[in-house]
$ cat input39.txt   # compact mmCIF, C-alpha atoms (C1' of nucleotides)
# COMPACT_ATOMS: atom_id res chain seq x y z
CA MET A 1 8.61 29.29 -13.34
CA SER A 2 11.90 27.78 -14.41
CA LEU A 3 10.37 25.49 -16.98
CA ARG A 4 8.78 28.41 -18.76
CA HIS A 5 12.13 30.12 -19.12
CA ALA A 6 13.99 26.95 -19.98
CA LEU A 7 11.61 26.44 -22.91
CA LEU A 8 12.13 30.01 -24.04
CA GLY A 9 15.87 29.46 -23.79
CA LEU A 10 15.72 26.34 -25.92
CA LEU A 11 13.53 28.05 -28.49
CA ALA A 12 16.01 30.91 -28.64
CA GLU A 13 18.32 28.42 -30.38
CA GLY A 14 15.76 27.96 -33.14
CA PRO A 15 12.24 26.70 -33.82
CA ALA A 16 11.26 23.37 -32.27
CA SER A 17 8.18 21.30 -31.55
CA GLY A 18 6.97 20.10 -28.17
CA TYR A 19 8.26 16.68 -29.06
CA ASP A 20 11.70 18.07 -29.89
CA LEU A 21 11.79 19.98 -26.64
CA ALA A 22 10.72 16.96 -24.62
CA ARG A 23 13.54 15.00 -26.21
CA ARG A 24 16.04 17.77 -25.47
CA PHE A 25 14.93 17.74 -21.86
CA GLN A 26 15.31 14.00 -21.67
CA GLU A 27 18.83 14.18 -23.07
CA GLY A 28 20.56 17.11 -21.46
CA LEU A 29 18.44 19.16 -19.11
CA HIS A 30 16.78 16.24 -17.40
CA SER A 31 19.71 15.87 -15.05
CA VAL A 32 19.29 19.38 -13.69
CA TRP A 33 15.60 20.05 -14.26
CA PRO A 34 13.29 17.10 -14.94
CA ALA A 35 10.23 17.72 -17.11
CA GLN A 36 7.78 15.37 -18.79
CA HIS A 37 5.92 16.00 -22.01
CA PRO A 38 2.51 16.88 -20.56
CA GLN A 39 4.03 19.76 -18.70
CA ILE A 40 5.96 20.89 -21.73
CA TYR A 41 2.95 20.91 -24.05
CA SER A 42 0.77 22.80 -21.64
CA GLU A 43 3.51 25.29 -20.92
CA LEU A 44 3.95 25.85 -24.66
CA SER A 45 0.26 26.68 -24.97
CA ARG A 46 0.54 29.18 -22.18
CA LEU A 47 3.64 30.75 -23.71
CA ALA A 48 1.87 31.07 -27.05
CA THR A 49 -1.16 32.69 -25.40
CA ALA A 50 1.18 35.09 -23.66
CA GLY A 51 2.76 36.00 -26.97
CA LEU A 52 6.23 34.90 -25.93
CA ILE A 53 6.33 32.24 -28.65
CA GLU A 54 4.33 31.66 -31.84
CA VAL A 55 3.65 28.85 -34.27
CA ASP A 56 6.49 28.56 -36.74
CA SER A 57 5.36 25.72 -38.97
CA HIS A 58 3.25 22.61 -39.21
CA GLY A 59 4.81 19.32 -40.26
CA PRO A 60 3.67 15.75 -40.80
CA ARG A 61 1.79 13.99 -37.99
CA ARG A 62 0.38 17.17 -36.55
CA ARG A 63 3.88 18.35 -35.83
CA THR A 64 3.74 21.96 -34.63
CA ALA A 65 6.97 23.86 -34.34
CA TYR A 66 7.15 27.04 -32.30
CA ARG A 67 9.44 30.01 -32.63
CA ILE A 68 10.36 32.54 -29.98
CA THR A 69 9.05 36.08 -30.41
CA ASP A 70 10.87 39.31 -29.65
CA ALA A 71 8.89 39.58 -26.44
CA GLY A 72 9.95 36.06 -25.52
CA LEU A 73 13.58 36.84 -26.12
CA VAL A 74 13.30 39.93 -23.97
CA GLU A 75 11.66 37.89 -21.24
CA VAL A 76 14.24 35.10 -21.14
CA ARG A 77 17.05 37.65 -21.09
CA ARG A 78 15.33 39.54 -18.30
CA TRP A 79 15.06 36.28 -16.35
CA LEU A 80 18.74 35.51 -16.83
CA ALA A 81 19.98 38.96 -15.94
CA GLU A 82 17.52 40.16 -13.31
CA ASP A 83 15.65 37.38 -11.59
CA GLU A 84 17.06 36.04 -8.40
CA VAL A 85 18.58 32.61 -8.60
CA ASP A 86 16.94 29.95 -6.48
CA HIS A 87 19.81 28.15 -4.77
CA SER A 88 17.80 25.46 -3.07
CA PHE A 89 18.61 22.13 -4.62
CA ARG A 90 16.51 19.02 -4.68
CA MET A 91 18.67 15.94 -4.44
CA GLU A 92 17.09 12.79 -3.12
CA PRO A 93 20.35 10.88 -2.73
CA LEU A 94 21.62 13.55 -0.36
CA LEU A 95 18.35 13.76 1.52
CA ARG A 96 18.62 10.04 2.11
CA SER A 97 22.10 10.40 3.50
CA PHE A 98 20.70 12.21 6.53
CA PHE A 99 19.02 8.97 7.47
CA PHE A 100 21.80 6.52 6.79
CA TRP A 101 22.02 5.79 10.49
CA LEU A 102 18.68 3.99 10.21
CA MET A 103 20.01 1.47 7.71
CA GLU A 104 21.51 -1.93 8.26
CA PRO A 105 25.25 -1.73 7.68
CA GLU A 106 25.11 -4.19 4.78
CA ASP A 107 22.28 -2.31 3.07
CA LEU A 108 24.14 0.95 3.50
CA ALA A 109 27.38 -0.46 2.16
CA ARG A 110 25.58 -1.80 -0.88
CA ARG A 111 23.75 1.46 -1.41
CA LEU A 112 26.94 3.50 -1.24
CA ARG A 113 28.64 1.20 -3.74
CA GLU A 114 25.70 1.57 -6.10
CA GLU A 115 25.69 5.32 -5.72
CA GLN A 116 29.40 5.60 -6.31
CA ALA A 117 29.16 3.47 -9.43
CA ARG A 118 26.25 5.47 -10.72
CA PHE A 119 27.89 8.84 -10.17
CA GLU A 120 31.09 7.59 -11.75
CA GLN A 121 29.20 6.33 -14.74
CA SER A 122 27.34 9.62 -15.15
CA ALA A 123 30.55 11.57 -14.84
CA ARG A 124 32.22 9.35 -17.43
CA SER A 125 29.50 9.72 -20.01
CA LEU A 126 29.16 13.44 -19.41
CA ARG A 127 32.90 13.81 -19.70
CA SER A 128 33.07 11.99 -23.01
CA TYR A 129 30.28 14.20 -24.27
CA ALA A 130 32.24 17.24 -23.10
CA GLY A 131 35.30 15.88 -24.88
CA ALA A 132 33.36 15.80 -28.12
CA LYS A 133 32.41 19.42 -27.60
CA ASP A 134 36.05 20.30 -26.95
CA ARG A 135 37.06 18.72 -30.23
CA GLY A 136 34.82 21.19 -31.94
CA GLU A 137 31.76 19.05 -32.58
CA GLY A 138 28.75 21.27 -32.25
CA GLY A 139 30.68 24.31 -33.37
CA ALA A 140 32.27 27.20 -31.56
CA ALA A 141 29.17 29.34 -31.36
CA PRO A 142 28.36 30.95 -28.02
CA ARG A 143 25.62 28.46 -27.39
CA ALA A 144 27.95 25.51 -27.87
CA ARG A 145 30.24 27.10 -25.32
CA ALA A 146 27.34 27.58 -22.92
CA GLN A 147 26.46 23.92 -23.28
CA ARG A 148 30.06 23.05 -22.62
CA ILE A 149 29.98 25.09 -19.42
CA ALA A 150 26.74 23.47 -18.30
CA LEU A 151 28.21 20.07 -19.05
CA GLU A 152 31.25 20.90 -16.98
CA ALA A 153 29.06 21.69 -13.98
CA ALA A 154 27.30 18.36 -14.30
CA VAL A 155 30.62 16.54 -14.62
CA ARG A 156 32.01 18.22 -11.53
CA VAL A 157 28.93 17.58 -9.42
CA ASN A 158 28.91 13.91 -10.38
CA ASP A 159 32.64 13.61 -9.74
CA ALA A 160 32.21 15.23 -6.35
CA LEU A 161 29.39 12.88 -5.40
CA ALA A 162 31.26 9.80 -6.60
CA GLU A 163 34.20 10.84 -4.46
CA TRP A 164 31.87 11.51 -1.59
CA ALA A 165 30.31 8.06 -1.79
CA ARG A 166 33.77 6.55 -1.84
CA TRP A 167 34.85 8.66 1.12
CA ALA A 168 31.73 7.64 3.04
CA ARG A 169 32.43 3.96 2.36
CA GLU A 170 36.04 4.17 3.40
CA THR A 171 35.67 6.57 6.28
CA ASP A 172 32.69 5.51 8.21
CA PRO A 173 32.50 2.30 10.24
CA MET A 174 28.74 2.49 9.92
CA ALA A 175 29.20 1.96 6.22
CA SER A 176 31.53 -0.99 6.15
CA GLU A 177 30.00 -4.42 6.12
CA ASP A 178 32.99 -6.28 7.48
CA PHE A 179 33.71 -4.05 10.42
CA GLY A 180 32.93 -6.21 13.45
CA GLY A 181 31.75 -3.28 15.52
CA ALA A 182 28.36 -2.31 14.20
CA GLU A 183 26.68 -0.54 17.07
CA GLY A 184 23.07 -0.13 18.07
CA ASP A 185 20.82 0.66 15.21
CA GLY A 186 19.35 3.59 17.02
CA ALA A 187 15.68 4.45 17.16
CA GLU A 188 15.54 5.14 20.84
CA GLY A 189 12.08 6.74 21.18
CA MET B 190 6.90 11.08 -1.44
CA SER B 191 10.32 12.09 -0.16
CA LEU B 192 8.98 14.58 2.34
CA ARG B 193 6.88 11.91 4.00
CA HIS B 194 9.94 9.76 4.54
CA ALA B 195 12.15 12.63 5.54
CA LEU B 196 9.71 13.48 8.32
CA LEU B 197 9.65 9.87 9.45
CA GLY B 198 13.43 9.91 9.43
CA LEU B 199 13.58 13.02 11.57
CA LEU B 200 11.02 11.64 13.99
CA ALA B 201 13.08 8.48 14.28
CA GLU B 202 15.58 10.63 16.17
CA GLY B 203 12.95 11.44 18.76
CA PRO B 204 9.61 13.20 19.24
CA ALA B 205 9.19 16.62 17.65
CA SER B 206 6.48 19.11 16.76
CA GLY B 207 5.67 20.45 13.32
CA TYR B 208 7.37 23.65 14.30
CA ASP B 209 10.53 21.79 15.33
CA LEU B 210 10.55 19.88 12.07
CA ALA B 211 10.04 23.01 10.01
CA ARG B 212 13.01 24.56 11.78
CA ARG B 213 15.13 21.48 11.19
CA PHE B 214 14.26 21.64 7.52
CA GLN B 215 15.17 25.28 7.37
CA GLU B 216 18.53 24.63 8.98
CA GLY B 217 19.91 21.48 7.48
CA LEU B 218 17.69 19.74 4.99
CA HIS B 219 16.57 22.87 3.21
CA SER B 220 19.68 22.81 1.03
CA VAL B 221 18.83 19.39 -0.38
CA TRP B 222 15.07 19.24 -0.01
CA PRO B 223 13.15 22.48 0.51
CA ALA B 224 9.90 22.30 2.49
CA GLN B 225 7.69 24.96 4.04
CA HIS B 226 5.61 24.62 7.14
CA PRO B 227 2.19 24.20 5.52
CA GLN B 228 3.39 21.15 3.70
CA ILE B 229 4.95 19.75 6.84
CA TYR B 230 1.84 20.18 8.98
CA SER B 231 -0.44 18.61 6.42
CA GLU B 232 1.96 15.75 5.85
CA LEU B 233 2.09 15.15 9.60
CA SER B 234 -1.70 14.85 9.67
CA ARG B 235 -1.58 12.31 6.88
CA LEU B 236 1.17 10.33 8.60
CA ALA B 237 -0.83 10.28 11.82
CA THR B 238 -3.94 9.09 9.99
CA ALA B 239 -1.87 6.36 8.37
CA GLY B 240 -0.64 5.26 11.79
CA LEU B 241 3.01 5.87 10.96
CA ILE B 242 3.31 8.49 13.68
CA GLU B 243 1.23 9.35 16.75
CA VAL B 244 0.80 12.25 19.14
CA ASP B 245 3.49 12.15 21.78
CA SER B 246 2.64 15.14 23.95
CA HIS B 247 0.98 18.52 24.08
CA GLY B 248 2.91 21.55 25.24
CA PRO B 249 2.27 25.24 25.76
CA ARG B 250 0.82 27.26 22.86
CA ARG B 251 -0.94 24.28 21.31
CA ARG B 252 2.39 22.60 20.78
CA THR B 253 1.83 19.07 19.57
CA ALA B 254 4.77 16.73 19.44
CA TYR B 255 4.62 13.54 17.41
CA ARG B 256 6.45 10.28 17.86
CA ILE B 257 7.17 7.64 15.27
CA THR B 258 5.37 4.30 15.59
CA ASP B 259 6.78 0.86 14.93
CA ALA B 260 4.98 0.85 11.60
CA GLY B 261 6.56 4.19 10.76
CA LEU B 262 10.02 2.92 11.58
CA VAL B 263 9.46 -0.11 9.40
CA GLU B 264 8.27 2.13 6.58
CA VAL B 265 11.20 4.56 6.66
CA ARG B 266 13.63 1.63 6.74
CA ARG B 267 11.85 0.01 3.84
CA TRP B 268 12.16 3.25 1.92
CA LEU B 269 15.87 3.51 2.64
CA ALA B 270 16.67 -0.07 1.81
CA GLU B 271 14.27 -0.93 -0.98
CA ASP B 272 12.89 2.07 -2.80
CA GLU B 273 14.68 3.19 -5.90
CA VAL B 274 16.66 6.38 -5.58
CA ASP B 275 15.56 9.23 -7.80
CA HIS B 276 18.76 10.60 -9.29
CA SER B 277 17.27 13.54 -11.13
CA PHE B 278 18.41 16.73 -9.48
CA ARG B 279 16.74 20.09 -9.54
CA MET B 280 19.33 22.86 -9.63
CA GLU B 281 18.29 26.18 -11.05
CA PRO B 282 21.80 27.64 -11.21
CA LEU B 283 22.85 24.80 -13.51
CA LEU B 284 19.71 25.03 -15.59
CA ARG B 285 20.52 28.67 -16.16
CA SER B 286 24.01 27.84 -17.33
CA PHE B 287 22.56 26.19 -20.44
CA PHE B 288 21.40 29.63 -21.48
CA PHE B 289 24.44 31.70 -20.62
CA TRP B 290 25.01 32.36 -24.30
CA LEU B 291 21.94 34.61 -24.23
CA MET B 292 23.45 36.93 -21.64
CA GLU B 293 25.44 40.09 -22.08
CA PRO B 294 29.09 39.37 -21.24
CA GLU B 295 29.09 41.86 -18.36
CA ASP B 296 25.93 40.40 -16.85
CA LEU B 297 27.33 36.91 -17.17
CA ALA B 298 30.64 37.85 -15.59
CA ARG B 299 28.82 39.45 -12.69
CA ARG B 300 26.54 36.48 -12.28
CA LEU B 301 29.42 34.03 -12.26
CA ARG B 302 31.25 36.08 -9.64
CA GLU B 303 28.13 36.13 -7.49
CA GLU B 304 27.61 32.41 -7.86
CA GLN B 305 31.21 31.64 -7.04
CA ALA B 306 31.05 33.79 -3.93
CA ARG B 307 27.81 32.21 -2.84
CA PHE B 308 29.01 28.65 -3.29
CA GLU B 309 32.25 29.46 -1.50
CA GLN B 310 30.33 30.99 1.37
CA SER B 311 28.02 27.98 1.63
CA ALA B 312 30.95 25.61 1.53
CA ARG B 313 32.73 27.60 4.23
CA SER B 314 29.82 27.63 6.62
CA LEU B 315 29.01 23.97 6.00
CA ARG B 316 32.65 23.11 6.53
CA SER B 317 32.82 24.88 9.86
CA TYR B 318 29.68 23.08 10.91
CA ALA B 319 31.27 19.81 9.85
CA GLY B 320 34.38 20.74 11.85
CA ALA B 321 32.23 21.10 14.96
CA LYS B 322 30.84 17.64 14.36
CA ASP B 323 34.34 16.27 13.94
CA ARG B 324 35.34 17.71 17.30
CA GLY B 325 32.68 15.56 18.83
CA GLU B 326 29.92 18.10 19.28
CA GLY B 327 26.66 16.30 18.73
CA GLY B 328 28.08 13.04 19.97
CA ALA B 329 29.40 9.95 18.25
CA ALA B 330 26.07 8.22 17.82
CA PRO B 331 25.30 6.73 14.43
CA ARG B 332 22.95 9.56 13.66
CA ALA B 333 25.62 12.18 14.32
CA ARG B 334 27.84 10.30 11.89
CA ALA B 335 25.06 10.21 9.31
CA GLN B 336 24.65 13.95 9.62
CA ARG B 337 28.37 14.34 9.21
CA ILE B 338 28.23 12.30 5.99
CA ALA B 339 25.32 14.35 4.68
CA LEU B 340 27.18 17.51 5.53
CA GLU B 341 30.22 16.29 3.67
CA ALA B 342 28.17 15.78 0.53
CA ALA B 343 26.84 19.31 0.74
CA VAL B 344 30.35 20.68 1.30
CA ARG B 345 31.71 18.81 -1.70
CA VAL B 346 28.91 19.85 -4.02
CA ASN B 347 29.31 23.49 -3.04
CA ASP B 348 33.08 23.29 -3.43
CA ALA B 349 32.66 21.72 -6.84
CA LEU B 350 30.28 24.42 -7.97
CA ALA B 351 32.45 27.23 -6.65
CA GLU B 352 35.37 25.79 -8.59
CA TRP B 353 33.17 25.42 -11.61
CA ALA B 354 32.09 29.05 -11.49
CA ARG B 355 35.70 30.08 -11.23
CA TRP B 356 36.69 27.83 -14.12
CA ALA B 357 33.87 29.26 -16.22
CA ARG B 358 35.00 32.80 -15.48
CA GLU B 359 38.61 32.13 -16.29
CA THR B 360 38.13 29.82 -19.22
CA ASP B 361 35.47 31.30 -21.32
CA PRO B 362 35.90 34.48 -23.39
CA MET B 363 32.14 34.85 -23.29
CA ALA B 364 32.44 35.38 -19.57
CA SER B 365 35.39 37.70 -19.23
CA GLU B 366 34.87 41.43 -19.26
CA ASP B 367 38.45 42.58 -18.88
CA PHE B 368 40.35 39.86 -20.62
CA GLY B 369 42.75 41.52 -22.97
CA GLY B 370 44.67 38.38 -23.80
CA ALA B 371 44.73 34.75 -22.83
CA GLU B 372 46.40 34.57 -19.45
CA GLY B 373 45.05 31.22 -18.39
CA ASP B 374 46.37 30.42 -14.93
CA GLY B 375 45.51 26.77 -14.94
CA ALA B 376 42.61 25.48 -12.90
CA GLU B 377 41.26 22.90 -15.21
CA GLY B 378 39.56 19.76 -14.20
C1' DA C 379 -1.60 45.90 32.48
C1' DT C 380 -0.47 45.97 28.16
C1' DG C 381 1.87 46.13 23.89
C1' DG C 382 5.05 43.74 21.10
C1' DC C 383 7.15 39.69 19.59
C1' DA C 384 8.47 35.07 18.83
C1' DC C 385 6.07 30.79 19.24
C1' DA C 386 2.91 27.45 17.11
C1' DT C 387 -0.53 25.84 14.04
C1' DG C 388 -3.34 25.97 10.62
C1' DT C 389 -6.49 27.22 6.04
C1' DA C 390 -7.06 28.61 1.27
C1' DC C 391 -5.72 28.95 -3.07
C1' DA C 392 -2.80 28.82 -7.04
C1' DT C 393 0.47 26.39 -9.48
C1' DC C 394 3.67 22.78 -10.57
C1' DT C 395 4.54 18.08 -11.60
C1' DC C 396 3.69 13.60 -13.10
C1' DG C 397 1.61 9.15 -14.23
C1' DA C 398 -2.14 7.20 -16.80
C1' DC C 399 -4.88 7.31 -20.49
C1' DA C 400 -6.45 8.69 -25.27
C1' DT C 401 -5.93 9.85 -30.14
C1' DG C 402 -4.31 9.96 -34.42
C1' DT C 403 -0.29 9.73 -38.20
C1' DC C 404 3.19 8.12 -41.11
C1' DA C 405 6.64 4.48 -42.62
C1' DA C 406 8.27 0.00 -43.26
C1' DG C 407 7.84 -4.62 -43.72
C1' DA C 408 5.18 -9.22 -43.66
C1' DT D 409 -3.32 -5.10 -47.36
C1' DC D 410 -2.48 -5.14 -42.75
C1' DT D 411 0.03 -4.74 -38.80
C1' DT D 412 3.51 -2.95 -36.02
C1' DG D 413 5.97 0.68 -34.07
C1' DA D 414 7.94 5.19 -33.66
C1' DC D 415 6.23 9.84 -34.12
C1' DA D 416 3.45 13.60 -32.15
C1' DT D 417 0.08 15.75 -29.29
C1' DG D 418 -2.94 16.12 -25.99
C1' DT D 419 -6.42 15.46 -21.55
C1' DC D 420 -7.33 14.20 -16.83
C1' DG D 421 -6.77 13.86 -12.18
C1' DA D 422 -4.02 13.13 -8.11
C1' DG D 423 -0.69 14.75 -5.39
C1' DA D 424 3.22 17.95 -4.35
C1' DT D 425 4.67 22.60 -3.44
C1' DG D 426 4.58 27.38 -2.16
C1' DT D 427 2.55 32.07 -0.95
C1' DA D 428 -0.55 34.64 1.49
C1' DC D 429 -3.51 34.93 4.99
C1' DA D 430 -5.59 33.89 9.66
C1' DT D 431 -5.56 32.73 14.56
C1' DG D 432 -4.34 32.35 18.99
C1' DT D 433 -0.58 31.94 22.98
C1' DG D 434 2.95 32.61 26.34
C1' DC D 435 6.83 35.67 27.59
C1' DC D 436 8.92 39.87 28.62
C1' DA D 437 9.88 44.61 28.97
C1' DT D 438 7.96 48.91 29.97
$ encode --input "input39.txt" --output "structure tokens"
Amino acid sequence: MSLRHALLGLLAEGPASGYDLARRFQEGLHSVWPAQHPQIYSELSRLATAGLIEVDSHGPRRRTAYRITDAGLVEVRRWLAEDEVDHSFRMEPLLRSFFFWLMEPEDLARRLREEQARFEQSARSLRSYAGAKDRGEGGAAPRARAQRIALEAAVRVNDALAEWARWARETDPMASEDFGGAEGDGAEG
Amino acid sequence: MSLRHALLGLLAEGPASGYDLARRFQEGLHSVWPAQHPQIYSELSRLATAGLIEVDSHGPRRRTAYRITDAGLVEVRRWLAEDEVDHSFRMEPLLRSFFFWLMEPEDLARRLREEQARFEQSARSLRSYAGAKDRGEGGAAPRARAQRIALEAAVRVNDALAEWARWARETDPMASEDFGGAEGDGAEG
DNA sequence: ATGGCACATGTACATCTCGACATGTCAAGA
DNA sequence: TCTTGACATGTCGAGATGTACATGTGCCAT
């Protein structure tokens, strides 16, 4: 259900084609809600059938741009204001952490270093992007501010996880490769 | 694919029934990887067919406990050590934030207050749970430490998002309902 | 003894998601 | 001219996920 509304939300910024939307997902939204092009195209068809969007224009190479309808705008606003927020996250790196005790200390240490580096890198690039927004690139329109807020959330989550990975490396004997005392690797029936 | 390995990981701690596993998911893992019982039962059947787990015992009320096999242990360790980590998250609250500019200021302010309260509450309860672990409840075995690490990640993410919601409320004019003038009281990150 | 409830497991169906494959278009350069 | 490659859209099928429904069991209080 979220994809449907995310597409409506993107189209509320202005007309766009499936290809445009797929690219937008790849760039910004992918980090909080992955979506591939097949899903996007089929969802667009459904939205059009439902009258929430309509064809705006045709361009070269079969390009078909859609535009949001009044009904679509009403629907996305209803979603934002009324629908309950689903607070269950899906984060594989954290799921894995429940099972760290099954890993060899060296593998775990390496994994945590990789994760830390990756989260730091993500945070850095998101932060520089946010900096650009703060310097006024992208304008001061409400939607630029919303993107800035979304960006900030992503920055903070990545920062938090980078710090967490570092904490885990430094705190836990299980995690350190050069800690003489690696104890039993578990798995007692 | 993650659910399969998560179940193997849980069974590596000891034998458990589908009902047990569903409960464990509801309690701890649900916040990072939601799963309902139908999916768990059918995945257990598939794992048994694949020889990665086997029936351990039958109890009252058709209770069927499974136990991980050597092959299953090898597989979950292979997953942890070798498989690439999927870093794409799925977080509806953050997806929604991209579209905050479509909301009425009052609705947005209310939503941000709710979100902040919710994240704070989650962080609090996770933190008290983590405190129990730190006081030695649950033992000092590697797997208790792994759970402690996982818990810490959840705490930090919820803290970060609570702070983010607060920052968004205080920072952005779009969000403030009763903001006569700029009275920024810090809290930037 | 029996009615209610939590325990325990499952089926059925709808929908979401994604990787693989297929098709055709326009632009630029060899 | 011909080929390459990015653009643009789509189908197909497998597998993942979730909601609703269905079934039976042991436990306990009345």
$ atom_distance --input "input39.txt" --atom1 "CA of Ala330 in chain B" --atom2 "CA of Asn347 in chain B"
26.1 Å
$ interface_residues --input "input39.txt" --of "chain D" --to "chain B" --cutoff "10 Å" --atoms "all atoms listed in the file" --output "list in words"
DG423, DA424, DT425, DG426, DG432, DT433 and DG434 of chain D
$ atom_distance --input "input39.txt" --atom1 "CA of Ala254 in chain B" --atom2 "CA of Leu94 in chain A"
26.2 Å
$ residues_around --input "input39.txt" --residues "range 414-421 of chain D" --least-positions-apart "2" --cutoff "9 Å" --atoms "all atoms listed in the file" --output "PyMOL selection string"
(chain A and resi 18-19+38+41-42+60-64) or (chain C and resi 398-404)
$ atom_distance --input "input39.txt" --atom1 "CA of Glu106 in chain A" --atom2 "CA of Glu271 in chain B"
12.7 Å
$ interface_residues --input "input39.txt" --of "chain B" --to "chain A" --cutoff "7 Å" --atoms "all atoms listed in the file" --output "JSON list (two decimals) with C-alpha atoms, in the frame of the given file"
[["chain", "number", "residue", "atom", "x", "y", "z"],
["B", 198, "GLY", "CA", 13.43, 9.91, 9.43],
["B", 201, "ALA", "CA", 13.08, 8.48, 14.28],
["B", 202, "GLU", "CA", 15.58, 10.63, 16.17],
["B", 203, "GLY", "CA", 12.95, 11.44, 18.76],
["B", 218, "LEU", "CA", 17.69, 19.74, 4.99],
["B", 219, "HIS", "CA", 16.57, 22.87, 3.21],
["B", 220, "SER", "CA", 19.68, 22.81, 1.03],
["B", 221, "VAL", "CA", 18.83, 19.39, -0.38],
["B", 222, "TRP", "CA", 15.07, 19.24, -0.01],
["B", 223, "PRO", "CA", 13.15, 22.48, 0.51],
["B", 266, "ARG", "CA", 13.63, 1.63, 6.74],
["B", 269, "LEU", "CA", 15.87, 3.51, 2.64],
["B", 270, "ALA", "CA", 16.67, -0.07, 1.81],
["B", 274, "VAL", "CA", 16.66, 6.38, -5.58],
["B", 275, "ASP", "CA", 15.56, 9.23, -7.80],
["B", 276, "HIS", "CA", 18.76, 10.60, -9.29],
["B", 277, "SER", "CA", 17.27, 13.54, -11.13],
["B", 278, "PHE", "CA", 18.41, 16.73, -9.48],
["B", 279, "ARG", "CA", 16.74, 20.09, -9.54],
["B", 280, "MET", "CA", 19.33, 22.86, -9.63],
["B", 281, "GLU", "CA", 18.29, 26.18, -11.05],
["B", 282, "PRO", "CA", 21.80, 27.64, -11.21],
["B", 283, "LEU", "CA", 22.85, 24.80, -13.51],
["B", 284, "LEU", "CA", 19.71, 25.03, -15.59],
["B", 286, "SER", "CA", 24.01, 27.84, -17.33],
["B", 287, "PHE", "CA", 22.56, 26.19, -20.44],
["B", 288, "PHE", "CA", 21.40, 29.63, -21.48],
["B", 289, "PHE", "CA", 24.44, 31.70, -20.62],
["B", 290, "TRP", "CA", 25.01, 32.36, -24.30],
["B", 291, "LEU", "CA", 21.94, 34.61, -24.23],
["B", 292, "MET", "CA", 23.45, 36.93, -21.64],
["B", 296, "ASP", "CA", 25.93, 40.40, -16.85],
["B", 331, "PRO", "CA", 25.30, 6.73, 14.43],
["B", 332, "ARG", "CA", 22.95, 9.56, 13.66],
["B", 335, "ALA", "CA", 25.06, 10.21, 9.31],
["B", 336, "GLN", "CA", 24.65, 13.95, 9.62],
["B", 338, "ILE", "CA", 28.23, 12.30, 5.99],
["B", 339, "ALA", "CA", 25.32, 14.35, 4.68],
["B", 342, "ALA", "CA", 28.17, 15.78, 0.53],
["B", 345, "ARG", "CA", 31.71, 18.81, -1.70],
["B", 346, "VAL", "CA", 28.91, 19.85, -4.02],
["B", 349, "ALA", "CA", 32.66, 21.72, -6.84],
["B", 350, "LEU", "CA", 30.28, 24.42, -7.97],
["B", 353, "TRP", "CA", 33.17, 25.42, -11.61],
["B", 357, "ALA", "CA", 33.87, 29.26, -16.22]]
$ residues_around --input "input39.txt" --residues "Leu44 in chain A" --least-positions-apart "5" --cutoff "9 Å" --atoms "all atoms listed in the file" --output "list in words"
Arg4, Leu7, Gly18, Gln39, Thr49, Ile53 and Tyr66 of chain A
$ closest_residue --input "input39.txt" --among "B:Pro294, B:Gly327, B:Gly248, B:Gly320" --to "chain C" --atoms "all atoms listed in the file"
B:Gly248
$ closest_residue --input "input39.txt" --among "A:Leu11, A:Leu52, A:Ile40, A:Ala16" --to "chain C" --atoms "all atoms listed in the file"
A:Ile40
$ residues_around --input "input39.txt" --residues "DC435 in chain D" --least-positions-apart "5" --cutoff "10 Å" --atoms "all atoms listed in the file" --output "list in words"
DC383, DA384 and DC385 of chain C
